[in-house]
$ cat upload-v6.txt   # compact mmCIF, C-alpha atoms and all ligand atoms
# COMPACT_ATOMS: atom_id res chain seq x y z
CA MET B 1 9.81 45.39 9.84
CA VAL B 2 10.60 41.78 10.86
CA TYR B 3 9.18 42.37 14.35
CA PHE B 4 6.04 43.82 12.83
CA LYS B 5 5.57 40.68 10.66
CA MET B 6 6.20 38.43 13.65
CA ALA B 7 3.76 40.34 15.84
CA LYS B 8 1.15 40.16 13.05
CA THR B 9 1.55 36.36 12.84
CA ALA B 10 1.38 36.01 16.62
CA ILE B 11 -1.80 38.09 16.85
CA LYS B 12 -3.34 36.14 13.95
CA SER B 13 -2.57 32.84 15.70
CA LEU B 14 -4.02 34.13 18.97
CA ILE B 15 -7.26 35.07 17.25
CA HIS B 16 -7.67 32.17 14.79
CA GLY B 17 -5.66 29.47 16.57
CA PRO B 18 -2.39 27.92 15.35
CA SER B 19 -2.07 26.57 11.80
CA THR B 20 -0.56 23.32 13.07
CA ILE B 21 -2.26 20.47 14.93
CA ARG B 22 -1.03 18.56 17.95
CA TYR B 23 -0.41 15.31 16.08
CA PRO B 24 -0.56 12.49 17.21
CA ALA B 25 -2.67 13.69 20.20
CA GLU B 26 -5.02 15.19 17.65
CA PRO B 27 -5.69 13.03 14.55
CA ALA B 28 -4.17 14.23 11.28
CA LYS B 29 -6.49 15.55 8.59
CA GLN B 30 -7.26 13.10 5.80
CA TYR B 31 -8.11 13.80 2.21
CA PRO B 32 -9.12 11.40 -0.59
CA THR B 33 -5.55 11.71 -1.94
CA SER B 34 -3.80 11.28 1.43
CA ARG B 35 -1.19 8.53 1.47
CA GLY B 36 -1.40 6.77 4.80
CA HIS B 37 -0.18 3.22 4.38
CA VAL B 38 -0.22 0.32 1.91
CA THR B 39 -2.53 -2.65 2.49
CA ILE B 40 -2.88 -5.89 0.56
CA ASP B 41 -5.80 -8.18 -0.20
CA PRO B 42 -3.95 -11.54 0.09
CA SER B 43 -6.78 -13.42 -1.59
CA LYS B 44 -6.06 -11.63 -4.89
CA CYS B 45 -2.23 -11.53 -4.92
CA ILE B 46 -0.78 -13.75 -7.67
CA SER B 47 2.80 -13.50 -6.28
CA CYS B 48 4.10 -11.95 -9.51
CA GLY B 49 6.67 -9.85 -7.61
CA MET B 50 6.03 -6.72 -9.67
CA CYS B 51 5.56 -4.57 -6.55
CA MET B 52 8.88 -5.83 -5.15
CA ARG B 53 10.76 -5.06 -8.37
CA LYS B 54 9.28 -1.57 -8.76
CA CYS B 55 9.55 -0.42 -5.13
CA PRO B 56 12.23 2.31 -5.08
CA ALA B 57 12.79 1.84 -1.34
CA ASP B 58 13.27 -1.93 -1.48
CA ALA B 59 10.52 -2.17 1.13
CA ILE B 60 8.60 -5.13 -0.31
CA CYS B 61 9.66 -8.75 -0.43
CA VAL B 62 7.54 -11.42 -2.12
CA ARG B 63 8.50 -14.95 -1.08
CA ARG B 64 6.75 -16.93 -3.74
CA ASP B 65 7.66 -20.42 -2.46
CA GLU B 66 6.39 -19.67 1.05
CA LYS B 67 3.40 -17.66 -0.25
CA LEU B 68 4.38 -14.63 1.84
CA TRP B 69 4.22 -10.90 1.10
CA GLU B 70 6.31 -8.64 3.31
CA ILE B 71 6.53 -4.89 3.72
CA ASP B 72 9.09 -3.03 5.81
CA LEU B 73 7.17 -0.04 7.10
CA PHE B 74 10.35 1.78 8.10
CA LYS B 75 11.61 1.68 4.52
CA CYS B 76 8.30 2.49 2.80
CA HIS B 77 7.94 6.17 1.94
CA VAL B 78 4.38 5.75 0.63
CA CYS B 79 5.18 6.71 -2.97
CA ASN B 80 2.21 4.62 -4.28
CA CYS B 81 4.35 2.98 -7.00
CA CYS B 82 3.52 -0.59 -5.89
CA VAL B 83 -0.20 0.19 -5.89
CA GLU B 84 0.03 1.53 -9.45
CA VAL B 85 1.94 -1.44 -10.89
CA CYS B 86 0.04 -4.33 -9.27
CA PRO B 87 -1.62 -6.11 -12.21
CA VAL B 88 -4.51 -7.49 -10.15
CA HIS B 89 -5.11 -4.34 -8.07
CA CYS B 90 -4.75 -6.10 -4.73
CA LEU B 91 -2.71 -3.27 -3.17
CA THR B 92 -4.44 -0.20 -1.77
CA MET B 93 -3.12 3.08 -0.45
CA GLU B 94 -5.18 3.74 2.66
CA THR B 95 -5.68 7.38 3.62
CA GLU B 96 -5.35 6.63 7.31
CA TYR B 97 -1.93 7.25 8.89
CA ARG B 98 -0.48 4.48 10.99
CA PRO B 99 0.09 5.14 14.67
CA ALA B 100 3.71 5.07 15.88
CA PHE B 101 5.09 1.53 16.22
CA ALA B 102 8.13 -0.15 17.73
CA GLU B 103 11.11 -1.35 15.67
CA HIS B 104 10.13 -5.02 15.88
CA GLU B 105 6.70 -4.18 14.41
CA GLY B 106 8.27 -2.60 11.33
CA VAL B 107 8.10 -5.65 9.09
CA GLN B 108 4.59 -6.81 8.30
CA VAL B 109 4.23 -10.33 6.91
CA VAL B 110 1.03 -11.35 5.14
CA LYS B 111 0.14 -14.89 4.08
CA ILE B 112 -0.96 -15.00 0.45
CA THR B 113 -4.20 -16.95 0.21
CA TYR B 114 -4.81 -16.70 -3.53
CA VAL B 115 -5.66 -20.04 -5.10
CA LYS B 116 -5.17 -20.37 -8.83
CA PRO B 117 -8.41 -21.54 -10.44
CA GLU B 118 -8.19 -24.92 -12.11
CA LYS B 119 -8.22 -24.94 -15.88
CA LYS B 120 -11.34 -26.38 -17.39
CA ALA B 121 -10.72 -29.58 -19.30
CA VAL B 122 -10.70 -28.87 -23.04
CA LYS B 123 -13.13 -31.07 -24.89
CA LYS B 124 -11.67 -32.85 -27.86
CA PRO B 125 -13.53 -32.13 -31.07
CA ALA B 126 -15.85 -34.95 -32.08
CA GLU B 127 -14.23 -37.34 -34.53
CA ASP B 128 -15.32 -36.98 -38.07
CA LYS B 129 -17.90 -39.73 -38.59
CA SER B 130 -17.30 -39.75 -42.36
CA GLU B 131 -13.85 -41.35 -41.74
CA GLU B 132 -15.43 -44.37 -39.99
S1 LIG C 201 4.49 2.79 -1.40
FE1 LIG C 201 6.40 3.06 -2.55
S2 LIG C 201 8.01 2.80 -1.04
FE2 LIG C 201 6.14 1.99 -0.11
S3 LIG C 201 6.18 -0.15 -0.57
FE3 LIG C 201 5.01 0.80 -2.21
S4 LIG C 201 6.54 1.23 -3.82
FE4 LIG C 201 7.67 0.81 -1.92
S1 LIG C 202 0.84 -7.52 -4.57
FE1 LIG C 202 0.32 -7.35 -6.74
S2 LIG C 202 2.26 -6.80 -7.74
FE2 LIG C 202 2.76 -7.59 -5.69
S3 LIG C 202 3.17 -9.75 -5.97
FE3 LIG C 202 1.00 -9.56 -5.42
S4 LIG C 202 -0.04 -9.44 -7.40
FE4 LIG C 202 2.10 -9.03 -7.81
$ encode --input "upload-v6.txt" --output "structure tokens"
Amino acid sequence: MVYFKMAKTAIKSLIHGPSTIRYPAEPAKQYPTSRGHVTIDPSKCISCGMCMRKCPADAICVRRDEKLWEIDLFKCHVCNCCVEVCPVHCLTMETEYRPAFAEHEGVQVVKITYVKPEKKAVKKPAEDKSEE
């Protein structure tokens, strides 16, 4: 019975081709919900550190004083948690898978370029002329 099942699968694969792809020689299929890798828009990041605190893999480090955002790609398991908690929506889960990279390329450091807008000067209410 087992041999019959195996032969059936082999014949099916010969006719229709294998169910697997030769990744990375052949690019992986992507869907709108595919989780490839996390990217940041550094011009929107307010350095709140929420992504760092919520990351279950301890893959993100926000160095507020140096205005740096770091991600360790070897630790990140693309759970999407950081993207969901970012209050200014500057993190995105790209559907594209990263190509293989060397160990020294594992930590990605991004310079945060967000500039806090200056507060508008509050006008003092005009003095009551009746008091004069
Ligand atoms: S996707 Fe998940 S594991 Fe990766 S950095 Fe974001 S929170 Fe951490
Ligand atoms: S990426 Fe988003 S959650 Fe992380 S520090 Fe910047 S603003 Fe905060």
$ residues_around --input "upload-v6.txt" --residues "segment 21-34 of chain B" --least-positions-apart "6" --cutoff "8 Å" --atoms "all atoms listed in the file" --output "PyMOL selection string"
chain B and resi 94-97+99
$ residues_near_ligand --input "upload-v6.txt" --ligand "ligand LIG 202 (chain C)" --cutoff "7 Å" --atoms "only C-alpha atoms and all ligand atoms" --output "list in words"
Ile40, Lys44, Cys45, Ile46, Ser47, Cys48, Gly49, Met50, Cys51, Met52, Val62, Cys82, Val85, Cys86, Pro87, Val88, His89, Cys90 and Leu91 of chain B
$ atom_distance --input "upload-v6.txt" --atom1 "atom CA of Cys81 of chain B" --atom2 "atom CA of His104 of chain B"
24.9 Å
$ closest_residue --input "upload-v6.txt" --among "B:Lys120, B:Lys12, B:Arg53, B:Arg63" --to "ligand LIG 201 (chain C)" --atoms "all atoms listed in the file"
B:Arg53
$ atom_distance --input "upload-v6.txt" --atom1 "atom FE1 of ligand LIG 201 (chain C)" --atom2 "atom CA of Phe74 of chain B"
11.4 Å
$ axis_aligned_box --input "upload-v6.txt" --around "segment 70-75 of chain B" --padding-each-side "4 Å" --output "AutoDock Vina command-line options"
--center_x 9.0 --center_y -3.4 --center_z 5.7 --size_x 13.3 --size_y 18.4 --size_z 12.8
$ build_atoms --input "upload-v6.txt" --residues "segment 91-102 of chain B" --atoms "N, CA, C and O atoms" --output "CSV table (one decimal), in the frame of the given file"
chain,number,residue,atom,x,y,z
B,91,LEU,N,-3.3,-4.2,-4.1
B,91,LEU,CA,-2.7,-3.3,-3.2
B,91,LEU,C,-3.5,-2.0,-3.1
B,91,LEU,O,-4.0,-1.5,-4.2
B,92,THR,N,-3.7,-1.4,-1.9
B,92,THR,CA,-4.4,-0.2,-1.8
B,92,THR,C,-3.6,0.8,-0.9
B,92,THR,O,-3.0,0.4,0.0
B,93,MET,N,-3.7,2.0,-1.3
B,93,MET,CA,-3.1,3.1,-0.4
B,93,MET,C,-4.2,3.6,0.4
B,93,MET,O,-5.1,4.3,0.0
B,94,GLU,N,-4.2,3.3,1.7
B,94,GLU,CA,-5.2,3.7,2.7
B,94,GLU,C,-4.9,5.2,3.0
B,94,GLU,O,-3.7,5.6,3.1
B,95,THR,N,-5.9,6.0,3.3
B,95,THR,CA,-5.7,7.4,3.6
B,95,THR,C,-5.3,7.6,5.1
B,95,THR,O,-4.8,8.6,5.5
B,96,GLU,N,-5.6,6.5,5.9
B,96,GLU,CA,-5.4,6.6,7.3
B,96,GLU,C,-3.9,6.5,7.7
B,96,GLU,O,-3.2,5.5,7.2
B,97,TYR,N,-3.3,7.4,8.5
B,97,TYR,CA,-1.9,7.2,8.9
B,97,TYR,C,-1.8,6.2,10.0
B,97,TYR,O,-2.7,6.1,10.8
B,98,ARG,N,-0.7,5.5,10.0
B,98,ARG,CA,-0.5,4.5,11.0
B,98,ARG,C,0.0,5.2,12.3
B,98,ARG,O,0.7,6.1,12.2
B,99,PRO,N,-0.5,4.6,13.4
B,99,PRO,CA,0.1,5.1,14.7
B,99,PRO,C,1.6,4.7,14.8
B,99,PRO,O,2.0,3.9,14.1
B,100,ALA,N,2.3,5.4,15.7
B,100,ALA,CA,3.7,5.1,15.9
B,100,ALA,C,3.8,3.6,16.3
B,100,ALA,O,3.0,3.1,17.0
B,101,PHE,N,4.9,2.9,15.9
B,101,PHE,CA,5.1,1.5,16.2
B,101,PHE,C,6.6,1.3,16.6
B,101,PHE,O,7.4,2.1,16.2
B,102,ALA,N,6.8,0.2,17.3
B,102,ALA,CA,8.1,-0.2,17.7
B,102,ALA,C,8.9,-0.8,16.6
B,102,ALA,O,8.3,-1.2,15.6
